[in-house]
file upload-v5.cif (mmCIF, C-alpha atoms)
data_run
#
loop_
_atom_site.label_atom_id
_atom_site.label_comp_id
_atom_site.auth_asym_id
_atom_site.auth_seq_id
_atom_site.Cartn_x
_atom_site.Cartn_y
_atom_site.Cartn_z
CA MET D 1 3.11 23.40 10.54
CA SER D 2 5.01 20.68 12.39
CA LEU D 3 3.82 19.64 15.80
CA TYR D 4 6.66 21.20 17.77
CA SER D 5 8.84 24.21 17.23
CA PRO D 6 12.22 23.45 15.60
CA ARG D 7 14.38 23.50 18.76
CA LEU D 8 11.92 21.34 20.65
CA THR D 9 11.75 18.92 17.71
CA ARG D 10 15.52 18.64 17.69
CA LEU D 11 15.63 18.00 21.43
CA ILE D 12 12.94 15.31 21.23
CA ASP D 13 14.66 13.65 18.26
CA ALA D 14 17.98 13.65 20.12
CA LEU D 15 16.40 12.10 23.22
CA ARG D 16 14.80 9.40 21.06
CA ARG D 17 18.23 8.13 20.10
CA LEU D 18 18.81 6.99 23.68
CA PRO D 19 18.22 3.23 23.99
CA GLY D 20 14.75 2.33 25.21
CA VAL D 21 13.28 5.78 24.60
CA GLY D 22 10.29 6.08 22.24
CA PRO D 23 8.47 9.17 20.99
CA LYS D 24 6.21 9.55 24.05
CA SER D 25 9.03 9.13 26.57
CA ALA D 26 11.22 11.53 24.62
CA GLN D 27 8.46 14.13 24.67
CA ARG D 28 7.94 13.58 28.38
CA MET D 29 11.67 13.95 29.03
CA ALA D 30 11.91 17.13 26.96
CA PHE D 31 8.95 18.74 28.72
CA HIS D 32 10.27 17.67 32.11
CA LEU D 33 13.68 19.17 31.41
CA LEU D 34 12.30 22.42 30.05
CA ASP D 35 9.49 22.84 32.52
CA ARG D 36 10.72 21.48 35.81
CA ASP D 37 14.39 20.70 35.79
CA ARG D 38 16.46 23.04 33.66
CA ASP D 39 19.37 22.34 36.01
CA ALA D 40 19.29 18.71 35.00
CA ALA D 41 19.33 19.72 31.33
CA ARG D 42 22.35 21.95 31.89
CA LEU D 43 24.06 19.19 33.87
CA LEU D 44 23.38 16.61 31.18
CA ALA D 45 24.68 18.84 28.39
CA THR D 46 27.91 19.45 30.31
CA ALA D 47 28.29 15.80 31.29
CA LEU D 48 27.87 14.73 27.67
CA ASP D 49 30.46 17.24 26.44
CA ASP D 50 32.87 16.19 29.18
CA ALA D 51 32.37 12.51 28.51
CA LEU D 52 32.84 12.91 24.75
CA SER D 53 36.04 14.86 25.13
CA GLY D 54 37.46 13.00 28.11
CA ILE D 55 36.52 9.34 27.84
CA ALA D 56 38.49 7.08 25.51
CA ARG D 57 39.09 3.34 25.23
CA CYS D 58 41.94 1.59 26.97
CA PRO D 59 44.00 0.03 24.15
CA ASP D 60 44.70 -3.06 26.31
CA CYS D 61 41.32 -4.01 27.79
CA ARG D 62 39.07 -1.89 25.53
CA MET D 63 37.16 -0.58 28.57
CA PHE D 64 36.37 3.14 28.82
CA LYS D 65 39.12 5.09 30.56
CA GLU D 66 39.61 8.76 31.23
CA ASP D 67 42.90 8.91 33.10
CA ASP D 68 46.30 8.06 31.65
CA GLU D 69 46.28 4.83 33.65
CA CYS D 70 43.46 2.37 33.02
CA ARG D 71 41.97 1.35 36.35
CA TYR D 72 41.51 -2.22 35.18
CA CYS D 73 44.99 -2.81 33.77
CA GLY D 74 47.29 -2.02 36.70
CA PRO D 75 50.25 -4.20 37.74
CA ALA D 76 48.30 -5.67 40.72
CA ARG D 77 45.69 -7.02 38.36
CA ARG D 78 48.35 -8.25 35.96
CA GLN D 79 49.92 -10.24 38.80
CA SER D 80 46.71 -12.22 39.34
CA GLY D 81 47.41 -14.03 36.07
CA GLN D 82 43.69 -14.09 35.30
CA LEU D 83 41.99 -12.40 32.37
CA CYS D 84 38.22 -12.29 32.10
CA VAL D 85 36.61 -11.74 28.68
CA VAL D 86 33.18 -10.03 28.68
CA GLU D 87 30.93 -8.78 25.91
CA GLY D 88 30.33 -5.22 27.12
CA PRO D 89 31.30 -2.59 29.68
CA ALA D 90 28.13 -3.29 31.69
CA ASP D 91 29.23 -6.93 32.10
CA LEU D 92 32.60 -5.77 33.43
CA VAL D 93 30.88 -3.48 35.92
CA ALA D 94 28.53 -6.28 37.00
CA ILE D 95 31.44 -8.64 37.70
CA GLU D 96 33.48 -5.94 39.43
CA GLN D 97 30.47 -4.98 41.56
CA GLY D 98 29.18 -8.45 42.39
CA THR D 99 32.22 -10.66 42.71
CA PRO D 100 35.65 -10.57 44.39
CA PHE D 101 37.39 -11.05 41.00
CA ARG D 102 40.20 -8.50 40.66
CA GLY D 103 42.09 -9.74 37.65
CA ARG D 104 42.35 -8.12 34.23
CA TYR D 105 39.54 -7.84 31.73
CA PHE D 106 39.07 -7.80 28.01
CA VAL D 107 35.90 -6.13 26.75
CA LEU D 108 34.86 -7.39 23.31
CA MET D 109 32.31 -4.59 22.76
CA GLY D 110 30.10 -7.10 21.01
CA ARG D 111 30.08 -10.77 20.11
CA LEU D 112 31.04 -12.78 17.04
CA SER D 113 28.19 -12.32 14.61
CA PRO D 114 29.31 -12.38 10.97
CA LEU D 115 25.85 -11.38 9.71
CA ASP D 116 26.10 -8.11 11.66
CA GLY D 117 29.64 -7.55 10.46
CA MET D 118 31.16 -8.44 13.84
CA GLY D 119 34.25 -10.55 13.13
CA PRO D 120 37.43 -11.17 15.15
CA ASP D 121 38.91 -7.83 14.06
CA GLU D 122 35.89 -5.79 15.23
CA LEU D 123 36.12 -7.46 18.63
CA GLY D 124 39.81 -6.62 18.94
CA LEU D 125 40.85 -10.27 19.07
CA PRO D 126 44.27 -9.59 17.47
CA ARG D 127 45.00 -7.35 20.51
CA LEU D 128 43.81 -10.13 22.84
CA ALA D 129 46.09 -12.59 21.03
CA GLU D 130 49.04 -10.24 21.70
CA THR D 131 48.11 -10.04 25.39
CA LEU D 132 47.85 -13.81 25.62
CA GLY D 133 51.26 -14.08 23.93
CA GLU D 134 52.94 -11.91 26.59
CA GLY D 135 53.01 -14.82 29.02
CA ASP D 136 51.35 -13.06 32.00
CA VAL D 137 48.01 -14.77 31.59
CA GLN D 138 47.65 -18.15 33.25
CA GLU D 139 43.87 -18.45 33.02
CA LEU D 140 41.39 -17.07 30.52
CA ILE D 141 37.93 -16.80 32.07
CA ILE D 142 35.23 -16.58 29.42
CA ALA D 143 32.17 -14.68 30.61
CA THR D 144 30.27 -14.11 27.36
CA ASN D 145 26.50 -14.45 27.54
CA PRO D 146 24.95 -17.89 27.16
CA THR D 147 23.33 -17.01 23.80
CA VAL D 148 24.07 -18.64 20.45
CA GLU D 149 26.51 -15.88 19.48
CA GLY D 150 27.96 -15.75 22.97
CA GLU D 151 28.65 -19.50 22.89
CA ALA D 152 30.23 -19.27 19.43
CA THR D 153 32.44 -16.44 20.69
CA ALA D 154 33.35 -18.51 23.75
CA TYR D 155 34.37 -21.43 21.53
CA TYR D 156 36.54 -19.17 19.37
CA LEU D 157 38.21 -17.62 22.42
CA ALA D 158 38.81 -21.01 23.99
CA GLU D 159 40.58 -22.22 20.83
CA MET D 160 42.72 -19.08 20.81
CA ALA D 161 43.88 -19.63 24.38
CA LYS D 162 44.32 -23.40 24.16
CA SER D 163 46.58 -23.08 21.12
CA ARG D 164 48.87 -21.01 23.37
CA GLY D 165 48.70 -23.54 26.21
CA ILE D 166 46.66 -21.25 28.48
CA ARG D 167 44.06 -22.70 30.83
CA VAL D 168 40.54 -21.75 29.77
CA THR D 169 37.47 -21.64 32.01
CA ARG D 170 33.89 -20.61 31.39
CA ILE D 171 31.66 -19.12 34.08
CA ALA D 172 29.01 -21.58 35.28
CA HIS D 173 25.51 -21.50 33.84
CA GLY D 174 22.73 -23.03 35.87
CA VAL D 175 19.86 -22.36 38.20
CA PRO D 176 20.17 -18.78 39.55
CA MET D 177 20.39 -18.27 43.33
CA GLY D 178 16.89 -18.02 44.77
CA GLY D 179 15.47 -19.54 41.58
CA GLU D 180 13.09 -22.46 41.74
CA LEU D 181 13.68 -25.55 39.62
CA GLU D 182 10.00 -25.65 38.75
CA TYR D 183 10.16 -22.29 36.98
CA VAL D 184 13.58 -22.55 35.38
CA ASP D 185 13.61 -23.18 31.61
CA GLY D 186 14.77 -26.47 30.16
CA GLY D 187 17.97 -25.12 28.61
CA THR D 188 19.15 -23.68 31.91
CA LEU D 189 18.24 -26.89 33.72
CA SER D 190 20.20 -29.04 31.23
CA HIS D 191 23.20 -26.73 31.70
CA ALA D 192 22.84 -27.02 35.46
CA LEU D 193 22.67 -30.80 35.30
CA SER D 194 25.56 -31.31 32.91
CA GLY D 195 27.66 -28.85 34.92
CA ARG D 196 27.05 -30.60 38.25
CA GLN D 197 29.86 -30.49 40.77
CA PRO D 198 30.96 -32.99 43.45
CA VAL D 199 30.04 -31.81 46.95
CA MET E 1 37.47 3.39 44.49
CA SER E 2 34.08 4.30 43.10
CA LEU E 3 32.54 2.02 40.53
CA TYR E 4 32.95 4.33 37.57
CA SER E 5 35.47 6.97 36.69
CA PRO E 6 34.43 10.56 37.60
CA ARG E 7 33.25 11.68 34.13
CA LEU E 8 31.30 8.49 33.59
CA THR E 9 29.73 8.84 37.05
CA ARG E 10 28.67 12.39 36.24
CA LEU E 11 27.15 11.31 32.93
CA ILE E 12 25.23 8.44 34.53
CA ASP E 13 24.00 10.70 37.35
CA ALA E 14 22.85 13.31 34.83
CA LEU E 15 20.97 10.71 32.79
CA ARG E 16 19.27 9.44 35.96
CA ARG E 17 17.60 12.80 36.38
CA LEU E 18 15.53 12.14 33.26
CA PRO E 19 12.04 10.99 34.22
CA GLY E 20 11.61 7.22 34.17
CA VAL E 21 15.33 6.47 34.09
CA GLY E 22 16.81 4.36 36.90
CA PRO E 23 20.43 3.43 37.61
CA LYS E 24 20.54 0.46 35.22
CA SER E 25 18.93 2.34 32.32
CA ALA E 26 21.21 5.31 32.90
CA GLN E 27 24.24 3.04 32.77
CA ARG E 28 22.94 1.40 29.61
CA MET E 29 22.33 4.80 28.00
CA ALA E 30 25.79 6.07 28.95
CA PHE E 31 27.53 2.98 27.58
CA HIS E 32 25.41 3.11 24.43
CA LEU E 33 26.28 6.76 23.82
CA LEU E 34 29.98 6.28 24.48
CA ASP E 35 30.38 2.96 22.74
CA ARG E 36 28.04 3.00 19.78
CA ASP E 37 26.53 6.38 19.15
CA ARG E 38 28.83 9.27 19.93
CA ASP E 39 26.98 11.25 17.26
CA ALA E 40 23.79 10.97 19.28
CA ALA E 41 25.61 12.21 22.37
CA ARG E 42 26.96 15.21 20.48
CA LEU E 43 23.52 15.90 19.02
CA LEU E 44 21.86 15.66 22.42
CA ALA E 45 24.35 18.00 24.06
CA THR E 46 23.79 20.60 21.32
CA ALA E 47 20.01 20.18 21.37
CA LEU E 48 19.97 20.68 25.14
CA ASP E 49 22.06 23.83 24.93
CA ASP E 50 19.91 25.18 22.11
CA ALA E 51 16.69 24.40 23.93
CA LEU E 52 17.88 25.97 27.17
CA SER E 53 18.94 29.17 25.50
CA GLY E 54 16.16 29.42 22.93
CA ILE E 55 12.96 28.08 24.46
CA ALA E 56 10.96 30.29 26.81
CA ARG E 57 7.38 30.42 28.01
CA CYS E 58 4.66 32.39 26.24
CA PRO E 59 3.41 34.91 28.82
CA ASP E 60 -0.17 34.50 27.55
CA CYS E 61 -0.71 30.75 27.27
CA ARG E 62 2.34 29.56 29.26
CA MET E 63 3.26 27.07 26.51
CA PHE E 64 6.88 26.79 25.39
CA LYS E 65 7.72 29.14 22.57
CA GLU E 66 10.91 29.96 20.75
CA ASP E 67 9.88 32.54 18.18
CA ASP E 68 8.67 36.08 18.95
CA GLU E 69 5.16 35.03 18.06
CA CYS E 70 3.60 32.20 20.06
CA ARG E 71 2.15 29.67 17.61
CA TYR E 72 -0.84 29.06 19.87
CA CYS E 73 -1.81 32.69 20.51
CA GLY E 74 -2.30 34.15 17.01
CA PRO E 75 -5.27 36.31 16.02
CA ALA E 76 -6.96 33.42 14.15
CA ARG E 77 -7.09 31.42 17.35
CA ARG E 78 -8.24 34.46 19.30
CA GLN E 79 -11.17 34.81 16.88
CA SER E 80 -12.47 31.36 17.72
CA GLY E 81 -13.55 32.68 21.12
CA GLN E 82 -12.58 29.38 22.72
CA LEU E 83 -9.89 28.87 25.33
CA CYS E 84 -8.90 25.39 26.45
CA VAL E 85 -7.18 24.91 29.82
CA VAL E 86 -4.84 21.93 30.14
CA GLU E 87 -2.47 20.77 32.86
CA GLY E 88 0.71 20.36 30.84
CA PRO E 89 2.38 20.91 27.47
CA ALA E 90 1.91 17.24 26.56
CA ASP E 91 -1.86 17.65 26.98
CA LEU E 92 -1.84 20.63 24.63
CA VAL E 93 0.10 18.62 22.06
CA ALA E 94 -2.29 15.68 22.42
CA ILE E 95 -5.34 17.90 21.78
CA GLU E 96 -3.65 19.73 18.91
CA GLN E 97 -2.61 16.42 17.36
CA GLY E 98 -5.80 14.46 17.91
CA THR E 99 -8.64 16.94 17.56
CA PRO E 100 -9.72 19.69 15.17
CA PHE E 101 -9.72 22.25 18.03
CA ARG E 102 -7.84 25.36 16.94
CA GLY E 103 -8.70 27.86 19.66
CA ARG E 104 -6.39 29.31 22.28
CA TYR E 105 -4.88 27.40 25.17
CA PHE E 106 -3.83 28.02 28.71
CA VAL E 107 -1.25 25.62 30.13
CA LEU E 108 -1.37 25.43 33.93
CA MET E 109 1.96 23.59 34.22
CA GLY E 110 0.49 21.61 37.11
CA ARG E 111 -2.76 21.33 39.04
CA LEU E 112 -4.10 22.84 42.24
CA SER E 113 -2.44 20.88 45.02
CA PRO E 114 -1.85 22.98 48.15
CA LEU E 115 0.17 20.20 49.83
CA ASP E 116 2.72 20.35 47.00
CA GLY E 117 2.76 24.14 47.11
CA MET E 118 0.75 24.48 43.89
CA GLY E 119 -1.73 27.29 44.43
CA PRO E 120 -3.49 29.64 42.00
CA ASP E 121 -0.39 31.86 41.68
CA GLU E 122 1.89 28.96 40.72
CA LEU E 123 -0.59 27.96 38.00
CA GLY E 124 -0.66 31.49 36.62
CA LEU E 125 -4.37 31.90 37.31
CA PRO E 126 -4.07 35.71 37.79
CA ARG E 127 -2.89 35.86 34.15
CA LEU E 128 -5.80 33.63 33.09
CA ALA E 129 -8.17 35.96 34.94
CA GLU E 130 -6.78 38.89 32.94
CA THR E 131 -7.28 36.98 29.68
CA LEU E 132 -10.85 36.13 30.64
CA GLY E 133 -11.43 39.81 31.49
CA GLU E 134 -10.41 40.95 28.00
CA GLY E 135 -13.75 39.90 26.57
CA ASP E 136 -12.48 37.74 23.69
CA VAL E 137 -13.24 34.43 25.35
CA GLN E 138 -16.77 33.12 24.88
CA GLU E 139 -16.16 29.58 26.07
CA LEU E 140 -13.72 28.16 28.58
CA ILE E 141 -13.08 24.46 27.86
CA ILE E 142 -11.63 22.69 30.88
CA ALA E 143 -9.46 19.72 29.95
CA THR E 144 -7.71 18.95 33.24
CA ASN E 145 -7.25 15.28 34.06
CA PRO E 146 -10.07 13.39 35.81
CA THR E 147 -8.05 12.96 39.03
CA VAL E 148 -8.93 14.38 42.43
CA GLU E 149 -6.64 17.39 41.96
CA GLY E 150 -7.69 17.79 38.35
CA GLU E 151 -11.35 17.90 39.36
CA ALA E 152 -10.63 20.42 42.12
CA THR E 153 -8.75 22.56 39.61
CA ALA E 154 -11.65 22.26 37.16
CA TYR E 155 -14.09 23.41 39.84
CA TYR E 156 -11.91 26.43 40.67
CA LEU E 157 -11.54 27.36 36.99
CA ALA E 158 -15.28 26.99 36.40
CA GLU E 159 -16.04 29.39 39.26
CA MET E 160 -13.54 31.90 37.86
CA ALA E 161 -15.17 31.89 34.45
CA LYS E 162 -18.78 31.80 35.66
CA SER E 163 -18.24 34.87 37.85
CA ARG E 164 -17.32 36.68 34.61
CA GLY E 165 -20.36 35.36 32.76
CA ILE E 166 -18.32 33.11 30.46
CA ARG E 167 -19.69 29.77 29.31
CA VAL E 168 -17.78 26.87 30.84
CA THR E 169 -17.53 23.34 29.45
CA ARG E 170 -15.63 20.27 30.57
CA ILE E 171 -14.38 17.60 28.16
CA ALA E 172 -16.41 14.40 28.40
CA HIS E 173 -15.22 11.51 30.52
CA GLY E 174 -16.52 8.06 29.75
CA VAL E 175 -15.81 4.78 28.05
CA PRO E 176 -12.85 5.21 25.67
CA MET E 177 -13.34 4.42 21.98
CA GLY E 178 -12.68 0.74 21.40
CA GLY E 179 -13.02 0.07 25.12
CA GLU E 180 -15.29 -2.67 26.37
CA LEU E 181 -17.82 -1.98 29.12
CA GLU E 182 -16.87 -5.24 30.78
CA TYR E 183 -13.31 -4.07 31.42
CA VAL E 184 -13.92 -0.40 32.20
CA ASP E 185 -13.57 0.58 35.87
CA GLY E 186 -16.58 1.62 37.92
CA GLY E 187 -15.66 5.30 38.21
CA THR E 188 -15.38 5.69 34.46
CA LEU E 189 -18.64 3.83 33.93
CA SER E 190 -20.48 6.07 36.44
CA HIS E 191 -19.08 9.13 34.62
CA ALA E 192 -20.19 7.68 31.29
CA LEU E 193 -23.69 7.00 32.59
CA SER E 194 -24.21 10.36 34.29
CA GLY E 195 -22.83 12.14 31.22
CA ARG E 196 -25.15 10.37 28.78
CA GLN E 197 -26.33 12.33 25.76
CA PRO E 198 -29.57 12.26 23.76
CA VAL E 199 -29.13 10.56 20.36
#

call {"tool": "encode", "arguments": {"input": "upload-v5.cif", "output": "structure tokens"}}
result
Amino acid sequence: MSLYSPRLTRLIDALRRLPGVGPKSAQRMAFHLLDRDRDAARLLATALDDALSGIARCPDCRMFKEDDECRYCGPARRQSGQLCVVEGPADLVAIEQGTPFRGRYFVLMGRLSPLDGMGPDELGLPRLAETLGEGDVQELIIATNPTVEGEATAYYLAEMAKSRGIRVTRIAHGVPMGGELEYVDGGTLSHALSGRQPV
Amino acid sequence: MSLYSPRLTRLIDALRRLPGVGPKSAQRMAFHLLDRDRDAARLLATALDDALSGIARCPDCRMFKEDDECRYCGPARRQSGQLCVVEGPADLVAIEQGTPFRGRYFVLMGRLSPLDGMGPDELGLPRLAETLGEGDVQELIIATNPTVEGEATAYYLAEMAKSRGIRVTRIAHGVPMGGELEYVDGGTLSHALSGRQPV
């Protein structure tokens, strides 16, 4: 006899596929939903169905979109002449939420990592090349993460844009605001030093 | 303009109602489901629907059940003459998984806590009283948590059973297996000392 009844097992297994959820958390979530918050369970089921049927990718910026018009690809944004490349949707949201940048985006949905089967095609770089070829983009802002793969991706993107005569910039990496030099790691500190600016 | 599109907002809000999930985790889960694992999203939606429609409470032990017969209330378990009271379904599963106990259970789905509106009726104690009155139960094993409310609940349950002449036991509290005396808190150590057993 398995530990749970079949339906409960299926629910727990499904919850375990969420990122960051292990067997104990999944069990806790399932019991919480069944015991105390059946409304939330109903809501979640509906929201999932709705999202699956209604949310697609914008062919231009590869961000999720659910209306006919992508909210990140409008003519106002096109006019800015800036295009910011990020690794994932969460990065886009972070920039949109934390900065005044209101240009266009391109979401790679990953980073160059040949060992994981992530090449230029998987990241939609042919589409990005088309966009860069349209002549609207004056500056390509590269906001990939400062990891080995992120840096490799940044290098690749920079070459793409430079070959088309487009200005390329990379967001600054250095000591975070409120951070203390004493506790910042060496790599970050070297970046901060080599990227010093005249005041 | 809100940060996310309406469907995405609804999905993130629904995920936030899971226990232990904050805004950042919910966003990460939503993006993961939409971007990388649409199968998991589909599976979860179905599992939730199935669970909501198919899982009910056993009127006798208050555990979740989905078949006509409750798997924890069969005649074999009744014959053991033992009934173990736990606070929640996860506690039942932990005992079932970790111990050879195969008697009946009673799941309180909470603990006595008048300030939170949890009284004897909310915990189904009238039903437990009926069960105790049937004469099958020779021993009531109290396995509520060793918290203030858990202890109060244990005291209440013990009185209920004693007034019916039923033997009452409480699971032992003490130093956990593999624990070191040096690092065990004072309350646990006092419990362990006062609950010492002849060897």

call {"tool": "interface_residues", "arguments": {"input": "upload-v5.cif", "of": "chain D", "to": "chain E", "cutoff": "8 Å", "atoms": "only C-alpha atoms", "output": "ChimeraX atom specification"}}
result
/D:3,5,7-8,10-11,14-15,17-19,27-29,31-35,38,40-52,54-55,65-66,89-90,93,97,109

call {"tool": "write_last_selection", "arguments": {"input": "upload-v5.cif", "atoms": "C-alpha atoms", "output": "PDB file, keeping the file's coordinate frame"}}
result
ATOM      1  CA  LEU D   3       3.820  19.640  15.800  1.00  0.00           C
ATOM      2  CA  SER D   5       8.840  24.210  17.230  1.00  0.00           C
ATOM      3  CA  ARG D   7      14.380  23.500  18.760  1.00  0.00           C
ATOM      4  CA  LEU D   8      11.920  21.340  20.650  1.00  0.00           C
ATOM      5  CA  ARG D  10      15.520  18.640  17.690  1.00  0.00           C
ATOM      6  CA  LEU D  11      15.630  18.000  21.430  1.00  0.00           C
ATOM      7  CA  ALA D  14      17.980  13.650  20.120  1.00  0.00           C
ATOM      8  CA  LEU D  15      16.400  12.100  23.220  1.00  0.00           C
ATOM      9  CA  ARG D  17      18.230   8.130  20.100  1.00  0.00           C
ATOM     10  CA  LEU D  18      18.810   6.990  23.680  1.00  0.00           C
ATOM     11  CA  PRO D  19      18.220   3.230  23.990  1.00  0.00           C
ATOM     12  CA  GLN D  27       8.460  14.130  24.670  1.00  0.00           C
ATOM     13  CA  ARG D  28       7.940  13.580  28.380  1.00  0.00           C
ATOM     14  CA  MET D  29      11.670  13.950  29.030  1.00  0.00           C
ATOM     15  CA  PHE D  31       8.950  18.740  28.720  1.00  0.00           C
ATOM     16  CA  HIS D  32      10.270  17.670  32.110  1.00  0.00           C
ATOM     17  CA  LEU D  33      13.680  19.170  31.410  1.00  0.00           C
ATOM     18  CA  LEU D  34      12.300  22.420  30.050  1.00  0.00           C
ATOM     19  CA  ASP D  35       9.490  22.840  32.520  1.00  0.00           C
ATOM     20  CA  ARG D  38      16.460  23.040  33.660  1.00  0.00           C
ATOM     21  CA  ALA D  40      19.290  18.710  35.000  1.00  0.00           C
ATOM     22  CA  ALA D  41      19.330  19.720  31.330  1.00  0.00           C
ATOM     23  CA  ARG D  42      22.350  21.950  31.890  1.00  0.00           C
ATOM     24  CA  LEU D  43      24.060  19.190  33.870  1.00  0.00           C
ATOM     25  CA  LEU D  44      23.380  16.610  31.180  1.00  0.00           C
ATOM     26  CA  ALA D  45      24.680  18.840  28.390  1.00  0.00           C
ATOM     27  CA  THR D  46      27.910  19.450  30.310  1.00  0.00           C
ATOM     28  CA  ALA D  47      28.290  15.800  31.290  1.00  0.00           C
ATOM     29  CA  LEU D  48      27.870  14.730  27.670  1.00  0.00           C
ATOM     30  CA  ASP D  49      30.460  17.240  26.440  1.00  0.00           C
ATOM     31  CA  ASP D  50      32.870  16.190  29.180  1.00  0.00           C
ATOM     32  CA  ALA D  51      32.370  12.510  28.510  1.00  0.00           C
ATOM     33  CA  LEU D  52      32.840  12.910  24.750  1.00  0.00           C
ATOM     34  CA  GLY D  54      37.460  13.000  28.110  1.00  0.00           C
ATOM     35  CA  ILE D  55      36.520   9.340  27.840  1.00  0.00           C
ATOM     36  CA  LYS D  65      39.120   5.090  30.560  1.00  0.00           C
ATOM     37  CA  GLU D  66      39.610   8.760  31.230  1.00  0.00           C
ATOM     38  CA  PRO D  89      31.300  -2.590  29.680  1.00  0.00           C
ATOM     39  CA  ALA D  90      28.130  -3.290  31.690  1.00  0.00           C
ATOM     40  CA  VAL D  93      30.880  -3.480  35.920  1.00  0.00           C
ATOM     41  CA  GLN D  97      30.470  -4.980  41.560  1.00  0.00           C
ATOM     42  CA  MET D 109      32.310  -4.590  22.760  1.00  0.00           C
TER      43      MET D 109
END

call {"tool": "resolve_selection", "arguments": {"input": "upload-v5.cif", "expression": "the PyMOL selection byres ((chain D and resi 59) around 12)", "output": "PyMOL selection string"}}
result
chain D and resi 56-58+60-65+68-70+72-73+105-108+124-128+130-131

call {"tool": "resolve_selection", "arguments": {"input": "upload-v5.cif", "expression": "the PyMOL selection byres ((chain D and resi 172) around 9)", "output": "list in words"}}
result
Ala143, Arg170, Ile171, His173, Gly174, His191, Ala192 and Gly195 of chain D

call {"tool": "residues_around", "arguments": {"input": "upload-v5.cif", "residues": "Tyr156 of chain E", "least_positions_apart": "3", "cutoff": "12 Å", "atoms": "all atoms listed in the file", "output": "list of chain:residue names"}}
result
E:Val85, E:Arg111, E:Leu112, E:Ser113, E:Gly119, E:Pro120, E:Leu123, E:Leu125, E:Ala129, E:Ile142, E:Thr144, E:Glu149, E:Gly150, E:Glu151, E:Ala152, E:Thr153, E:Glu159, E:Met160, E:Ala161, E:Lys162, E:Ser163, E:Val168

call {"tool": "residues_around", "arguments": {"input": "upload-v5.cif", "residues": "Gln138 of chain E", "least_positions_apart": "4", "cutoff": "9 Å", "atoms": "all atoms listed in the file", "output": "compact mmCIF listing (two decimals) with C-alpha atoms, in the coordinates of the input"}}
result
# COMPACT_ATOMS: atom_id res chain seq x y z
CA SER E 80 -12.47 31.36 17.72
CA GLY E 81 -13.55 32.68 21.12
CA GLN E 82 -12.58 29.38 22.72
CA LEU E 83 -9.89 28.87 25.33
CA LEU E 132 -10.85 36.13 30.64
CA GLY E 165 -20.36 35.36 32.76
CA ILE E 166 -18.32 33.11 30.46
CA ARG E 167 -19.69 29.77 29.31
CA VAL E 168 -17.78 26.87 30.84

call {"tool": "atom_distance", "arguments": {"input": "upload-v5.cif", "atom1": "atom CA of Leu157 of chain E", "atom2": "atom CA of Ile141 of chain E"}}
result
9.7 Å

call {"tool": "resolve_selection", "arguments": {"input": "upload-v5.cif", "expression": "the PyMOL selection byres ((chain D and resi 188) around 12)", "output": "list in words"}}
result
Pro146, Thr147, Ala172, His173, Gly174, Val175, Pro176, Gly179, Glu180, Leu181, Glu182, Tyr183, Val184, Asp185, Gly186, Gly187, Leu189, Ser190, His191, Ala192, Leu193, Ser194 and Gly195 of chain D

call {"tool": "atom_distance", "arguments": {"input": "upload-v5.cif", "atom1": "atom CA of Gly103 of chain D", "atom2": "atom CA of Glu87 of chain D"}}
result
16.2 Å

call {"tool": "atom_distance", "arguments": {"input": "upload-v5.cif", "atom1": "atom CA of Asp136 of chain D", "atom2": "atom CA of Met118 of chain D"}}
result
27.5 Å

call {"tool": "closest_residue", "arguments": {"input": "upload-v5.cif", "among": "D:Arg104, D:Gly178, D:Val137, D:Ala154", "to": "Arg77 of chain D", "atoms": "all atoms listed in the file"}}
result
D:Arg104

call {"tool": "closest_residue", "arguments": {"input": "upload-v5.cif", "among": "E:Asn145, E:Gln197, E:Asp91, E:Arg102", "to": "Arg78 of chain E", "atoms": "all atoms listed in the file"}}
result
E:Arg102
